[in-house]
$ cat entry18.cif   # mmCIF, C-alpha atoms
data_coords
#
loop_
_atom_site.label_atom_id
_atom_site.label_comp_id
_atom_site.auth_asym_id
_atom_site.auth_seq_id
_atom_site.Cartn_x
_atom_site.Cartn_y
_atom_site.Cartn_z
CA MET I 1 24.05 21.37 -16.86
CA LYS I 2 21.98 22.40 -13.87
CA LEU I 3 19.22 23.53 -16.19
CA VAL I 4 19.10 20.16 -17.95
CA GLY I 5 18.79 18.35 -14.61
CA ALA I 6 16.07 20.72 -13.46
CA ILE I 7 14.08 20.20 -16.65
CA LEU I 8 14.48 16.42 -16.36
CA ILE I 9 13.19 16.38 -12.78
CA LEU I 10 10.29 18.62 -13.69
CA LEU I 11 9.38 16.48 -16.70
CA THR I 12 9.50 13.27 -14.69
CA THR I 13 7.24 14.43 -11.88
CA THR I 14 4.83 16.10 -14.30
CA TRP I 15 4.63 12.91 -16.31
CA THR I 16 4.01 10.87 -13.16
CA GLY I 17 1.18 13.20 -12.19
CA PHE I 18 -0.41 13.00 -15.62
CA GLU I 19 -0.09 9.22 -15.65
CA ALA I 20 -1.88 9.00 -12.29
CA ALA I 21 -4.58 11.33 -13.64
CA ARG I 22 -4.93 9.14 -16.74
CA MET I 23 -5.44 6.08 -14.56
CA LEU I 24 -8.20 7.90 -12.67
CA HIS I 25 -9.71 8.94 -15.97
CA GLU I 26 -9.53 5.47 -17.55
CA ARG I 27 -11.10 3.51 -14.70
CA PRO I 28 -14.74 4.61 -15.13
CA ARG I 29 -14.45 4.23 -18.89
CA GLN I 30 -13.14 0.68 -18.63
CA LEU I 31 -15.77 -0.17 -16.03
CA ARG I 32 -18.45 1.00 -18.46
CA GLN I 33 -16.93 -1.18 -21.15
CA LEU I 34 -16.87 -4.14 -18.82
CA LYS I 35 -20.55 -3.62 -18.08
CA ALA I 36 -21.33 -3.40 -21.78
CA ALA I 37 -19.36 -6.60 -22.33
CA LEU I 38 -21.31 -8.44 -19.65
CA GLN I 39 -24.58 -7.23 -21.11
CA ALA I 40 -23.47 -8.46 -24.52
CA LEU I 41 -22.57 -11.79 -22.96
CA GLU I 42 -26.03 -11.97 -21.43
CA ALA I 43 -27.61 -11.33 -24.80
CA GLU I 44 -25.43 -13.99 -26.43
CA ILE I 45 -26.37 -16.54 -23.81
CA MET I 46 -30.06 -15.76 -23.49
CA TYR I 47 -31.13 -15.01 -27.01
CA ALA I 48 -28.47 -16.17 -29.45
CA HIS I 49 -27.63 -19.40 -27.56
CA THR I 50 -24.02 -19.21 -28.72
CA PRO I 51 -21.40 -21.37 -27.01
CA LEU I 52 -19.25 -19.52 -24.50
CA SER I 53 -16.06 -19.50 -26.56
CA GLU I 54 -17.77 -18.02 -29.62
CA ALA I 55 -19.65 -15.52 -27.48
CA ALA I 56 -16.37 -14.39 -25.90
CA LEU I 57 -14.83 -14.05 -29.34
CA HIS I 58 -17.74 -11.91 -30.54
CA ILE I 59 -17.47 -9.68 -27.48
CA SER I 60 -13.73 -9.27 -27.88
CA ARG I 61 -14.36 -7.84 -31.32
CA GLN I 62 -16.98 -5.42 -30.00
CA ILE I 63 -15.00 -3.66 -27.26
CA SER I 64 -11.73 -1.74 -27.36
CA LEU I 65 -8.26 -2.65 -26.43
CA PRO I 66 -7.27 -3.53 -22.87
CA LEU I 67 -10.50 -5.37 -22.12
CA SER I 68 -10.90 -7.00 -25.52
CA LYS I 69 -7.69 -8.91 -24.74
CA LEU I 70 -9.42 -10.46 -21.75
CA PHE I 71 -12.20 -12.00 -23.83
CA GLU I 72 -9.82 -12.88 -26.64
CA GLN I 73 -7.60 -14.89 -24.31
CA PHE I 74 -10.62 -16.43 -22.63
CA ALA I 75 -11.97 -17.58 -25.98
CA ALA I 76 -8.58 -18.93 -27.02
CA LYS I 77 -8.21 -20.88 -23.77
CA LEU I 78 -11.68 -22.33 -24.12
CA GLN I 79 -11.02 -23.39 -27.67
CA VAL I 80 -7.85 -25.22 -26.64
CA GLY I 81 -10.08 -26.88 -24.09
CA GLU I 82 -7.51 -27.93 -21.51
CA ALA I 83 -8.69 -25.80 -18.60
CA SER I 84 -12.11 -25.57 -17.04
CA VAL I 85 -14.13 -22.43 -17.71
CA GLN I 86 -13.37 -21.05 -14.29
CA GLN I 87 -9.63 -21.65 -14.65
CA ALA I 88 -9.57 -20.15 -18.11
CA TRP I 89 -11.46 -17.10 -16.90
CA GLU I 90 -9.21 -16.59 -13.92
CA GLU I 91 -6.01 -17.02 -15.90
CA SER I 92 -7.09 -14.54 -18.53
CA LEU I 93 -8.08 -12.12 -15.76
CA GLN I 94 -4.63 -12.42 -14.20
CA ASP I 95 -2.90 -11.87 -17.51
CA VAL I 96 -4.87 -8.84 -18.58
CA TRP I 97 -5.40 -7.11 -15.24
CA GLU I 98 -1.97 -5.45 -15.14
CA THR I 99 -2.66 -3.56 -18.35
CA THR I 100 -5.98 -2.09 -17.22
CA ALA I 101 -6.71 0.79 -14.88
CA LEU I 102 -9.05 -1.35 -12.80
CA LYS I 103 -8.60 -2.13 -9.15
CA GLN I 104 -8.79 -5.00 -6.68
CA GLY I 105 -12.53 -4.63 -6.04
CA GLU I 106 -13.41 -5.19 -9.68
CA LEU I 107 -11.02 -8.14 -9.84
CA GLU I 108 -12.84 -9.83 -6.97
CA ILE I 109 -16.21 -9.19 -8.61
CA MET I 110 -15.02 -10.64 -11.89
CA LYS I 111 -13.47 -13.66 -10.16
CA GLN I 112 -16.68 -14.39 -8.33
CA PHE I 113 -18.54 -14.01 -11.58
CA GLY I 114 -16.12 -16.46 -13.20
CA GLU I 115 -16.89 -19.06 -10.55
CA THR I 116 -20.52 -19.10 -11.67
CA LEU I 117 -19.76 -19.06 -15.36
CA GLY I 118 -20.82 -22.17 -17.19
CA GLN I 119 -22.15 -23.95 -14.11
CA TYR I 120 -25.86 -23.31 -14.19
CA ASP I 121 -28.77 -23.11 -16.60
CA ARG I 122 -29.45 -19.98 -18.60
CA HIS I 123 -31.78 -18.24 -16.17
CA THR I 124 -29.50 -18.64 -13.18
CA GLN I 125 -26.66 -17.46 -15.35
CA GLN I 126 -28.68 -14.38 -16.24
CA LYS I 127 -29.20 -13.66 -12.57
CA GLN I 128 -25.47 -13.99 -11.91
CA ILE I 129 -24.70 -11.56 -14.71
CA ALA I 130 -27.24 -9.13 -13.26
CA LEU I 131 -25.56 -9.47 -9.87
CA ALA I 132 -22.12 -8.78 -11.31
CA LEU I 133 -23.56 -5.79 -13.16
CA VAL I 134 -24.98 -4.36 -9.94
CA HIS I 135 -21.59 -4.71 -8.24
CA LEU I 136 -19.84 -3.08 -11.19
CA GLU I 137 -22.38 -0.26 -11.09
CA ARG I 138 -21.40 0.47 -7.52
CA GLU I 139 -17.70 0.43 -8.39
CA GLU I 140 -18.34 2.77 -11.29
CA ALA I 141 -20.07 5.32 -9.06
CA ASP I 142 -17.08 5.13 -6.74
CA ALA I 143 -14.64 5.50 -9.64
CA LEU I 144 -16.51 8.53 -11.00
CA GLU I 145 -16.42 10.22 -7.63
CA ARG I 146 -12.70 9.59 -7.27
CA GLN I 147 -12.10 10.92 -10.75
CA ALA I 148 -13.97 14.14 -10.00
CA ARG I 149 -12.05 14.60 -6.78
CA TYR I 150 -8.51 13.61 -7.63
CA GLU I 151 -7.92 13.99 -11.37
CA LYS I 152 -7.08 17.68 -11.27
CA MET I 153 -5.22 17.29 -8.01
CA ALA I 154 -2.92 14.63 -9.45
CA LYS I 155 -1.98 16.86 -12.37
CA SER I 156 -1.22 19.99 -10.39
CA LEU I 157 0.45 17.99 -7.66
CA GLY I 158 2.90 16.50 -10.17
CA VAL I 159 3.95 19.89 -11.52
CA LEU I 160 4.18 21.51 -8.10
CA VAL I 161 6.22 18.72 -6.53
CA GLY I 162 8.63 18.95 -9.46
CA LEU I 163 8.99 22.71 -9.01
CA LEU I 164 9.57 22.29 -5.29
CA LEU I 165 12.26 19.66 -5.84
CA VAL I 166 14.01 21.85 -8.39
CA ILE I 167 14.00 24.86 -6.08
CA LEU I 168 15.20 22.81 -3.12
CA LEU I 169 18.04 21.24 -5.08
CA ILE I 170 19.36 24.39 -6.78
CA MET D 1 26.01 40.36 -2.63
CA GLY D 2 25.15 37.82 -5.34
CA MET D 3 24.63 34.98 -2.89
CA ASP D 4 22.20 37.02 -0.75
CA VAL D 5 19.87 37.77 -3.66
CA ASP D 6 19.92 34.10 -4.60
CA VAL D 7 18.79 33.08 -1.13
CA ILE D 8 15.94 35.57 -1.13
CA PHE D 9 14.68 34.26 -4.46
CA LYS D 10 14.95 30.68 -3.24
CA ILE D 11 12.88 31.44 -0.15
CA ALA D 12 10.31 33.24 -2.26
CA GLY D 13 10.12 30.30 -4.70
CA VAL D 14 9.66 27.74 -1.95
CA GLY D 15 7.01 29.95 -0.38
CA ILE D 16 5.03 30.28 -3.60
CA VAL D 17 5.17 26.56 -4.42
CA ILE D 18 4.24 25.55 -0.88
CA ALA D 19 1.34 28.00 -0.93
CA PHE D 20 0.05 26.47 -4.17
CA LEU D 21 0.46 22.95 -2.81
CA HIS D 22 -1.43 23.96 0.30
CA THR D 23 -4.37 25.37 -1.66
CA VAL D 24 -4.54 22.38 -4.01
CA LEU D 25 -4.45 19.84 -1.19
CA ASP D 26 -6.89 21.89 0.86
CA GLN D 27 -9.41 22.10 -1.96
CA MET D 28 -9.36 18.34 -2.46
CA GLY D 29 -10.13 17.73 1.17
CA LYS D 30 -6.69 16.56 2.27
CA LYS D 31 -6.30 19.06 5.06
CA GLU D 32 -3.82 17.05 7.10
CA TYR D 33 -1.41 16.59 4.17
CA ALA D 34 -1.67 20.30 3.41
CA GLN D 35 -0.67 21.14 6.95
CA TRP D 36 2.26 18.71 6.89
CA VAL D 37 3.55 20.17 3.62
CA THR D 38 3.34 23.68 4.99
CA LEU D 39 5.06 22.68 8.20
CA LEU D 40 7.90 20.93 6.37
CA GLY D 41 8.41 23.91 4.08
CA PHE D 42 8.47 26.20 7.06
CA ILE D 43 11.06 24.07 8.86
CA TYR D 44 13.24 23.92 5.74
CA ILE D 45 13.20 27.70 5.35
CA LEU D 46 13.80 28.09 9.09
CA PHE D 47 16.98 26.01 8.89
CA MET D 48 18.20 27.97 5.90
CA VAL D 49 17.59 31.30 7.64
CA ALA D 50 19.15 30.02 10.85
CA SER D 51 22.38 29.11 9.08
CA ILE D 52 22.51 32.54 7.41
CA VAL D 53 21.86 34.34 10.71
CA SER D 54 24.58 32.29 12.37
CA ASP D 55 26.88 33.48 9.57
CA LEU D 56 25.92 37.03 10.40
CA PHE D 57 26.67 36.59 14.10
CA GLN D 58 30.01 35.00 13.27
CA LYS D 59 30.87 38.01 11.19
CA ILE D 60 29.84 40.42 13.97
CA LYS D 61 32.00 38.46 16.40
CA ASP D 62 34.94 38.65 14.02
CA VAL D 63 34.55 42.41 13.62
CA PHE D 64 33.90 43.52 17.20
CA LEU D 65 35.38 40.84 19.45
CA PHE D 66 38.58 40.03 17.71
CA GLN D 67 41.26 38.55 19.89
CA GLY D 68 44.74 38.58 18.50
#
$ encode --input "entry18.cif" --output "structure tokens"
Amino acid sequence: MKLVGAILILLTTTWTGFEAARMLHERPRQLRQLKAALQALEAEIMYAHTPLSEAALHISRQISLPLSKLFEQFAAKLQVGEASVQQAWEESLQDVWETTALKQGELEIMKQFGETLGQYDRHTQQKQIALALVHLEREEADALERQARYEKMAKSLGVLVGLLLVILLI
Amino acid sequence: MGMDVDVIFKIAGVGIVIAFLHTVLDQMGKKEYAQWVTLLGFIYILFMVASIVSDLFQKIKDVFLFQG
């Protein structure tokens, strides 16, 4: 009975540690995807002249899961056409954000980007996208540094804390 | 004697785990957390040892200073 409890505690803390490490690992990857998505959006606006809802739909098919939901919802909300672009963007951000590994800083950047979306002509829009990209670049450097520093630590910390708890409780 | 061996192993286990935690935290540049962990482990072991030593003294009292 004691052994079962010990194994359960150990498994839980180890899993927590690995989950934290996975978050650290996912963040730079998702930031890269977000950048790619914005670049695709720029191309759609500048060269293909597609409407925003179709562009968002195209992008949602190009990128992988947690972030593709963002553009999918955005496109759906635009097609219904009840909310303004900014509202639609912000609502889809709120809905999707919980499922991603991204943080508050990126959320603010994306919100600010959403405020400019669909307000100006194409060239100003391009500049806004470039601005958002620069901000995301900075966040990505930060995320990469954090990953290098803390990913291993989170894993070993999980296992070690579990061991310590087990020894203390025996 | 069984209980004594148990306690020794427990102290050794806590020592090893705390040492690992200290190195891991130290390497990642969290020196202050590492020191806190070590201090807490030390205090925990100290309390354990103190209770065992008080047991020992009680036993010595019972053997040499018995009154009625």
$ resolve_selection --input "entry18.cif" --expression "the PyMOL selection byres ((chain I) within 7 of (chain D))" --output "count of residues only"
6
$ closest_residue --input "entry18.cif" --among "D:Val37, D:Val63, D:Phe42, D:Lys30" --to "I:Tyr150" --atoms "all atoms listed in the file"
D:Lys30
$ residues_around --input "entry18.cif" --residues "I:Leu38" --least-positions-apart "6" --cutoff "10 Å" --atoms "only C-alpha atoms" --output "compact mmCIF listing (two decimals) with C-alpha atoms, in the frame of the given file"
# COMPACT_ATOMS: atom_id res chain seq x y z
CA ARG I 32 -18.45 1.00 -18.46
CA GLU I 44 -25.43 -13.99 -26.43
CA ALA I 56 -16.37 -14.39 -25.90
CA ILE I 59 -17.47 -9.68 -27.48
CA ILE I 129 -24.70 -11.56 -14.71
CA ALA I 130 -27.24 -9.13 -13.26
CA ALA I 132 -22.12 -8.78 -11.31
CA LEU I 133 -23.56 -5.79 -13.16
$ closest_residue --input "entry18.cif" --among "I:Ile109, I:Ala20, I:Gly162, I:Asp121" --to "I:His49" --atoms "all atoms listed in the file"
I:Asp121
$ closest_residue --input "entry18.cif" --among "I:Glu54, I:Glu26, I:Glu137, I:Glu19" --to "I:Gly105" --atoms "all atoms listed in the file"
I:Glu137
$ atom_distance --input "entry18.cif" --atom1 "atom CA of I:Arg61" --atom2 "atom CA of I:Ala141"
26.5 Å
$ atom_distance --input "entry18.cif" --atom1 "atom CA of I:Arg22" --atom2 "atom CA of I:Glu151"
7.8 Å
$ resolve_selection --input "entry18.cif" --expression "the PyMOL selection byres ((chain I and resi 86) around 9)" --output "CSV table (one decimal) with C-alpha atoms, in the frame of the given file"
chain,number,residue,atom,x,y,z
I,83,ALA,CA,-8.7,-25.8,-18.6
I,84,SER,CA,-12.1,-25.6,-17.0
I,85,VAL,CA,-14.1,-22.4,-17.7
I,87,GLN,CA,-9.6,-21.6,-14.6
I,88,ALA,CA,-9.6,-20.2,-18.1
I,89,TRP,CA,-11.5,-17.1,-16.9
I,90,GLU,CA,-9.2,-16.6,-13.9
I,91,GLU,CA,-6.0,-17.0,-15.9
I,111,LYS,CA,-13.5,-13.7,-10.2
I,114,GLY,CA,-16.1,-16.5,-13.2
I,115,GLU,CA,-16.9,-19.1,-10.6
I,116,THR,CA,-20.5,-19.1,-11.7
I,117,LEU,CA,-19.8,-19.1,-15.4
I,118,GLY,CA,-20.8,-22.2,-17.2
$ closest_residue --input "entry18.cif" --among "I:Leu168, I:Leu3, I:Ala21, I:Ile63" --to "I:Leu41" --atoms "all atoms listed in the file"
I:Ile63
$ atom_distance --input "entry18.cif" --atom1 "atom CA of I:Gly5" --atom2 "atom CA of D:Gln35"
29.2 Å
$ resolve_selection --input "entry18.cif" --expression "the PyMOL selection byres ((chain I and resi 70) around 12)" --output "PyMOL selection string"
chain I and resi 33-34+37+56-57+59-61+63-69+71-77+88-100+110
$ closest_residue --input "entry18.cif" --among "I:Val80, I:Ile170, I:Ala36, I:Leu24" --to "I:Leu102" --atoms "all atoms listed in the file"
I:Leu24
$ residues_near_point --input "entry18.cif" --point "(10.0, 23.8, -16.4)" --cutoff "12 Å" --atoms "all atoms listed in the file" --output "PyMOL selection string"
chain I and resi 3-14+158-167
$ residues_around --input "entry18.cif" --residues "stretch 48-56 of chain D" --least-positions-apart "5" --cutoff "10 Å" --atoms "all atoms listed in the file" --output "PDB file with C-alpha atoms, keeping the file's coordinate frame"
ATOM      1  CA  ASP D   4      22.200  37.020  -0.750  1.00  0.00           C
ATOM      2  CA  VAL D   7      18.790  33.080  -1.130  1.00  0.00           C
ATOM      3  CA  ILE D   8      15.940  35.570  -1.130  1.00  0.00           C
ATOM      4  CA  ILE D  11      12.880  31.440  -0.150  1.00  0.00           C
ATOM      5  CA  PHE D  42       8.470  26.200   7.060  1.00  0.00           C
ATOM      6  CA  ILE D  43      11.060  24.070   8.860  1.00  0.00           C
ATOM      7  CA  LYS D  61      32.000  38.460  16.400  1.00  0.00           C
ATOM      8  CA  ASP D  62      34.940  38.650  14.020  1.00  0.00           C
TER       9      ASP D  62
END
$ build_atoms --input "entry18.cif" --residues "stretch 25-43 of chain D" --atoms "N, CA and C atoms" --output "compact mmCIF listing (two decimals), keeping the file's coordinate frame"
# COMPACT_ATOMS: atom_id res chain seq x y z
N LEU D 25 -4.12 20.93 -2.10
CA LEU D 25 -4.45 19.84 -1.19
C LEU D 25 -5.68 20.18 -0.35
N ASP D 26 -5.77 21.45 0.04
CA ASP D 26 -6.89 21.89 0.86
C ASP D 26 -8.21 21.73 0.12
N GLN D 27 -8.19 22.16 -1.15
CA GLN D 27 -9.41 22.10 -1.96
C GLN D 27 -9.90 20.67 -2.12
N MET D 28 -8.96 19.72 -2.21
CA MET D 28 -9.36 18.34 -2.46
C MET D 28 -9.66 17.61 -1.16
N GLY D 29 -9.73 18.36 -0.08
CA GLY D 29 -10.13 17.73 1.17
C GLY D 29 -9.07 16.91 1.84
N LYS D 30 -7.79 17.25 1.57
CA LYS D 30 -6.69 16.56 2.27
C LYS D 30 -6.03 17.54 3.21
N LYS D 31 -6.79 17.99 4.19
CA LYS D 31 -6.30 19.06 5.06
C LYS D 31 -5.03 18.67 5.79
N GLU D 32 -4.97 17.39 6.26
CA GLU D 32 -3.82 17.05 7.10
C GLU D 32 -2.53 17.04 6.28
N TYR D 33 -2.60 16.55 5.02
CA TYR D 33 -1.41 16.59 4.17
C TYR D 33 -0.98 18.03 3.92
N ALA D 34 -1.98 18.90 3.69
CA ALA D 34 -1.67 20.30 3.41
C ALA D 34 -0.90 20.90 4.58
N GLN D 35 -1.36 20.58 5.79
CA GLN D 35 -0.67 21.14 6.95
C GLN D 35 0.73 20.60 7.09
N TRP D 36 0.91 19.29 6.80
CA TRP D 36 2.26 18.71 6.89
C TRP D 36 3.20 19.36 5.89
N VAL D 37 2.70 19.55 4.65
CA VAL D 37 3.55 20.17 3.62
C VAL D 37 3.99 21.56 4.05
N THR D 38 3.01 22.33 4.55
CA THR D 38 3.34 23.68 4.99
C THR D 38 4.36 23.67 6.12
N LEU D 39 4.14 22.76 7.06
CA LEU D 39 5.06 22.68 8.20
C LEU D 39 6.47 22.33 7.74
N LEU D 40 6.57 21.35 6.84
CA LEU D 40 7.90 20.93 6.37
C LEU D 40 8.59 22.07 5.62
N GLY D 41 7.83 22.76 4.78
CA GLY D 41 8.41 23.91 4.08
C GLY D 41 8.90 24.96 5.05
N PHE D 42 8.09 25.21 6.05
CA PHE D 42 8.47 26.20 7.06
C PHE D 42 9.76 25.80 7.77
N ILE D 43 9.86 24.52 8.15
CA ILE D 43 11.06 24.07 8.86
C ILE D 43 12.30 24.20 7.96
